[in-house]
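Trainee: Once you've had a glance at the structure underneath, I'll fire off some questions.
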Amino acid sequence: MTNLSKKSLVSSTTSKVMRANRGRDTSPEKKLRHSIHRQGLRYAIDVRPETDLNRRADIVFRSARVAVFVNGCFWHGCVRHFCEPKKNRAYWSSKIKKNRERDRQTYRLLTRRGWKLFVIWEHQDLEMSAKKIAIEVRSRRA
Ligand SMILES: [Zn+2]
């Protein structure tokens with residue numbers, strides 16, 4: 001692949017990713033929820049796993065203490081797909097860096113309190129992820 005075509009491929013992926021991440025009902029998250037729902041499981045959406053911690057998870061199975069984060073490749077700085085926009089480079093790189101730090105801190109806080117976390121990237125196979133999540137939830141409830 002030439003440098004030129006590689007570059008245009010990355011930037012088109014980035015803009016697609018940016019478009020897909022505006023609201024909380026981003027499409028990878030919806031897809032994952034639907035797959036989990038089809039496995040017969042119910043969950044809370046966009047809530048705090050621990051009420052005294054100001055951190056939300058995208059999908060929460062409270063009784064099983066399983067929390068799922070669906071990370072957009074752009075906003076959460078995926079190592080494979082994050083690519084700095086050409087404009088406002090400094091702004092974006094510091095913003096994404098802060099997001100990643102906050103993510104890591106959230107994962108640490110919840111893991112310490114006995115939560116099993118699934119961090120699912122939007123580029124991952126969502127159907128497969130839903131199956132793994134369902135297995136974990138069922139085994140922790142049993
Ligand atoms: Zn990615």
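Each chain in the structure tokens gets a letter, A, B, ..., in the order shown, and its residues are numbered from 1; ligands are numbered from 1 in order too.
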Counting only C-alpha atoms and all ligand atoms, which residues of chain A sit at most 7 Å from some atom of ligand 1, and what is each one's closest atom pair with its distance in Å to one decimal, listed by chain and rising residue number, as a Markdown table?

Mentor:
```
| residue | atom | partner | partner_atom_place_in_ligand_line | distance |
| --- | --- | --- | --- | --- |
| A:Cys73 | CA | ligand 1 | 1 (Zn) | 4.3 |
| A:Cys78 | CA | ligand 1 | 1 (Zn) | 4.8 |
| A:Val79 | CA | ligand 1 | 1 (Zn) | 6.8 |
| A:Arg80 | CA | ligand 1 | 1 (Zn) | 5.1 |
| A:His81 | CA | ligand 1 | 1 (Zn) | 4.5 |
| A:Phe82 | CA | ligand 1 | 1 (Zn) | 6.9 |
| A:Trp121 | CA | ligand 1 | 1 (Zn) | 5.9 |
| A:Glu122 | CA | ligand 1 | 1 (Zn) | 6.2 |
| A:His123 | CA | ligand 1 | 1 (Zn) | 4.8 |
```

Trainee: Go ahead and write the selection's residues with all heavy atoms as a compact mmCIF listing (two decimals), in the first residue's frame.

Mentor:
```
# COMPACT_ATOMS: atom_id res chain seq x y z
N CYS A 73 -13.05 3.95 19.21
CA CYS A 73 -11.61 3.95 18.92
C CYS A 73 -11.03 5.37 18.96
O CYS A 73 -9.89 5.56 19.33
CB CYS A 73 -11.33 3.31 17.57
SG CYS A 73 -11.71 1.55 17.57
N CYS A 78 -7.84 4.28 20.95
CA CYS A 78 -7.45 2.91 20.57
C CYS A 78 -6.03 2.91 19.97
O CYS A 78 -5.71 3.75 19.13
CB CYS A 78 -8.45 2.39 19.54
SG CYS A 78 -7.95 0.89 18.70
N VAL A 79 -5.20 1.99 20.44
CA VAL A 79 -3.81 1.98 19.94
C VAL A 79 -3.75 1.59 18.47
O VAL A 79 -2.81 1.94 17.77
CB VAL A 79 -2.90 1.04 20.77
CG1 VAL A 79 -2.67 1.61 22.16
CG2 VAL A 79 -3.45 -0.37 20.85
N ARG A 80 -4.77 0.91 17.99
CA ARG A 80 -4.75 0.50 16.58
C ARG A 80 -5.34 1.56 15.65
O ARG A 80 -4.92 1.68 14.52
CB ARG A 80 -5.52 -0.81 16.40
CG ARG A 80 -4.69 -2.02 16.82
CD ARG A 80 -5.54 -3.26 16.95
NE ARG A 80 -6.18 -3.63 15.70
CZ ARG A 80 -7.04 -4.63 15.58
NH1 ARG A 80 -7.38 -5.33 16.65
NH2 ARG A 80 -7.59 -4.92 14.43
N HIS A 81 -6.35 2.29 16.11
CA HIS A 81 -7.08 3.16 15.18
C HIS A 81 -7.05 4.64 15.48
O HIS A 81 -7.50 5.43 14.68
CB HIS A 81 -8.54 2.72 15.09
CG HIS A 81 -8.67 1.30 14.67
ND1 HIS A 81 -9.11 0.32 15.52
CD2 HIS A 81 -8.35 0.69 13.51
CE1 HIS A 81 -9.08 -0.84 14.88
NE2 HIS A 81 -8.63 -0.64 13.67
N PHE A 82 -6.55 5.01 16.67
CA PHE A 82 -6.58 6.45 16.94
C PHE A 82 -5.58 7.16 16.04
O PHE A 82 -4.45 6.74 15.88
CB PHE A 82 -6.25 6.77 18.41
CG PHE A 82 -6.19 8.25 18.65
CD1 PHE A 82 -7.36 9.00 18.62
CD2 PHE A 82 -4.99 8.90 18.85
CE1 PHE A 82 -7.32 10.37 18.80
CE2 PHE A 82 -4.94 10.27 19.04
CZ PHE A 82 -6.11 11.01 19.01
N TRP A 121 -13.79 -2.74 22.50
CA TRP A 121 -13.52 -1.68 21.52
C TRP A 121 -14.48 -1.84 20.34
O TRP A 121 -14.86 -2.96 20.00
CB TRP A 121 -12.07 -1.76 21.05
CG TRP A 121 -11.14 -1.36 22.14
CD1 TRP A 121 -10.62 -2.19 23.10
CD2 TRP A 121 -10.69 -0.05 22.46
NE1 TRP A 121 -9.86 -1.45 23.98
CE2 TRP A 121 -9.88 -0.14 23.60
CE3 TRP A 121 -10.88 1.21 21.87
CZ2 TRP A 121 -9.26 0.97 24.18
CZ3 TRP A 121 -10.27 2.30 22.43
CH2 TRP A 121 -9.47 2.19 23.57
N GLU A 122 -14.85 -0.72 19.77
CA GLU A 122 -15.82 -0.77 18.68
C GLU A 122 -15.33 -1.58 17.48
O GLU A 122 -16.13 -2.02 16.67
CB GLU A 122 -16.21 0.64 18.23
CG GLU A 122 -15.09 1.42 17.63
CD GLU A 122 -15.58 2.73 17.03
OE1 GLU A 122 -16.63 2.76 16.41
OE2 GLU A 122 -14.89 3.73 17.22
N HIS A 123 -14.00 -1.78 17.38
CA HIS A 123 -13.51 -2.55 16.24
C HIS A 123 -13.59 -4.06 16.50
O HIS A 123 -13.32 -4.86 15.61
CB HIS A 123 -12.06 -2.15 15.90
CG HIS A 123 -11.06 -2.51 16.95
ND1 HIS A 123 -10.47 -1.58 17.77
CD2 HIS A 123 -10.56 -3.71 17.34
CE1 HIS A 123 -9.64 -2.19 18.61
NE2 HIS A 123 -9.70 -3.49 18.37
```

Trainee: Using only C-alpha atoms, which protein or nucleic acid residues come within 12 Å of Pro49 of chain A? Drop anything in the same chain fewer than 3 positions from it, and give the result as a PDB file with C-alpha atoms, in the first residue's frame.

Mentor:
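The file below, result_9.pdb, is the result:
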```pdb
ATOM      1  CA  TYR A  43     -28.922  -5.144  32.345  1.00  0.00           C
ATOM      2  CA  ALA A  44     -28.830  -1.490  33.303  1.00  0.00           C
ATOM      3  CA  ILE A  45     -27.652   1.030  30.741  1.00  0.00           C
ATOM      4  CA  ASP A  46     -25.279   3.916  31.390  1.00  0.00           C
ATOM      5  CA  ASP A  52     -20.636   6.550  45.475  1.00  0.00           C
ATOM      6  CA  LEU A  53     -18.181   6.578  42.570  1.00  0.00           C
ATOM      7  CA  ASN A  54     -18.876   9.141  39.898  1.00  0.00           C
ATOM      8  CA  ARG A  55     -18.096   6.707  37.097  1.00  0.00           C
ATOM      9  CA  ARG A  56     -20.552   5.222  34.651  1.00  0.00           C
ATOM     10  CA  ALA A  57     -20.397   2.033  32.677  1.00  0.00           C
ATOM     11  CA  ASP A  58     -22.261   1.416  29.438  1.00  0.00           C
ATOM     12  CA  ILE A  59     -23.803  -1.900  30.468  1.00  0.00           C
ATOM     13  CA  VAL A  60     -24.094  -3.066  34.069  1.00  0.00           C
ATOM     14  CA  PHE A  61     -25.106  -6.435  35.511  1.00  0.00           C
ATOM     15  CA  ARG A  62     -25.435  -5.438  39.114  1.00  0.00           C
ATOM     16  CA  SER A  63     -26.038  -8.766  40.816  1.00  0.00           C
ATOM     17  CA  ALA A  64     -23.172 -10.413  38.919  1.00  0.00           C
ATOM     18  CA  ARG A  65     -20.930  -7.356  39.422  1.00  0.00           C
ATOM     19  CA  VAL A  66     -20.033  -7.255  35.769  1.00  0.00           C
ATOM     20  CA  ALA A  67     -19.597  -3.915  34.000  1.00  0.00           C
ATOM     21  CA  VAL A  68     -19.055  -3.364  30.301  1.00  0.00           C
ATOM     22  CA  PHE A  69     -17.413  -0.386  28.665  1.00  0.00           C
ATOM     23  CA  THR A 106     -12.151   3.868  36.486  1.00  0.00           C
ATOM     24  CA  TYR A 107     -11.038   0.311  35.734  1.00  0.00           C
ATOM     25  CA  LEU A 109     -11.396   1.627  41.119  1.00  0.00           C
ATOM     26  CA  LEU A 110     -14.013  -0.894  40.046  1.00  0.00           C
ATOM     27  CA  THR A 111     -11.671  -3.862  39.891  1.00  0.00           C
ATOM     28  CA  ARG A 113     -14.237  -3.394  44.528  1.00  0.00           C
ATOM     29  CA  GLY A 114     -14.650  -6.802  42.969  1.00  0.00           C
ATOM     30  CA  TRP A 115     -16.143  -5.896  39.624  1.00  0.00           C
ATOM     31  CA  LYS A 116     -15.361  -7.952  36.561  1.00  0.00           C
ATOM     32  CA  LEU A 117     -14.878  -5.538  33.677  1.00  0.00           C
TER      33      LEU A 117
END
```

Trainee: Contacts of Glu29 of chain A at 12 Å or less, counting only C-alpha atoms, minus same-chain residues fewer than 2 places along, as number ranges by chain?

Mentor: A: 20-21, 23-27, 31-36, 45-46, 57-59, 68-72, 119-127, 129-130

Trainee: Out of A:His76, A:Arg42, A:Arg138, A:Lys132, which residue has the shortest atom-to-atom distance to Lys98 of chain A when counting only C-alpha atoms?

Mentor: A:His76

Trainee: So which residues of chain A fall under strand (DSSP E) by DSSP, listed as a ChimeraX atom specification?

Mentor: /A:44-47,57-61,66-71,116-121

Trainee: Name the residues of chain A that come out as alpha helix (DSSP H) in a backbone DSSP run; write them as an MDAnalysis selection string.

Mentor: chainID A and resid 3:19 27:38 89:112 126:141

Trainee: Find the spatial neighbours of Trp92 of chain A, counting only C-alpha atoms, within a cut-off of 12 Å - ignore same-chain residues fewer than 5 positions away - and output them as a list of chain:residue names.

Mentor: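 Near neighbours after the sequence-gap exclusion: A:Phe74, A:Trp75, A:His76, A:Gly77, A:Phe82, A:Cys83, A:Glu84, A:Pro85, A:Lys86, A:Lys87, A:Lys97, A:Lys98, A:Asn99.
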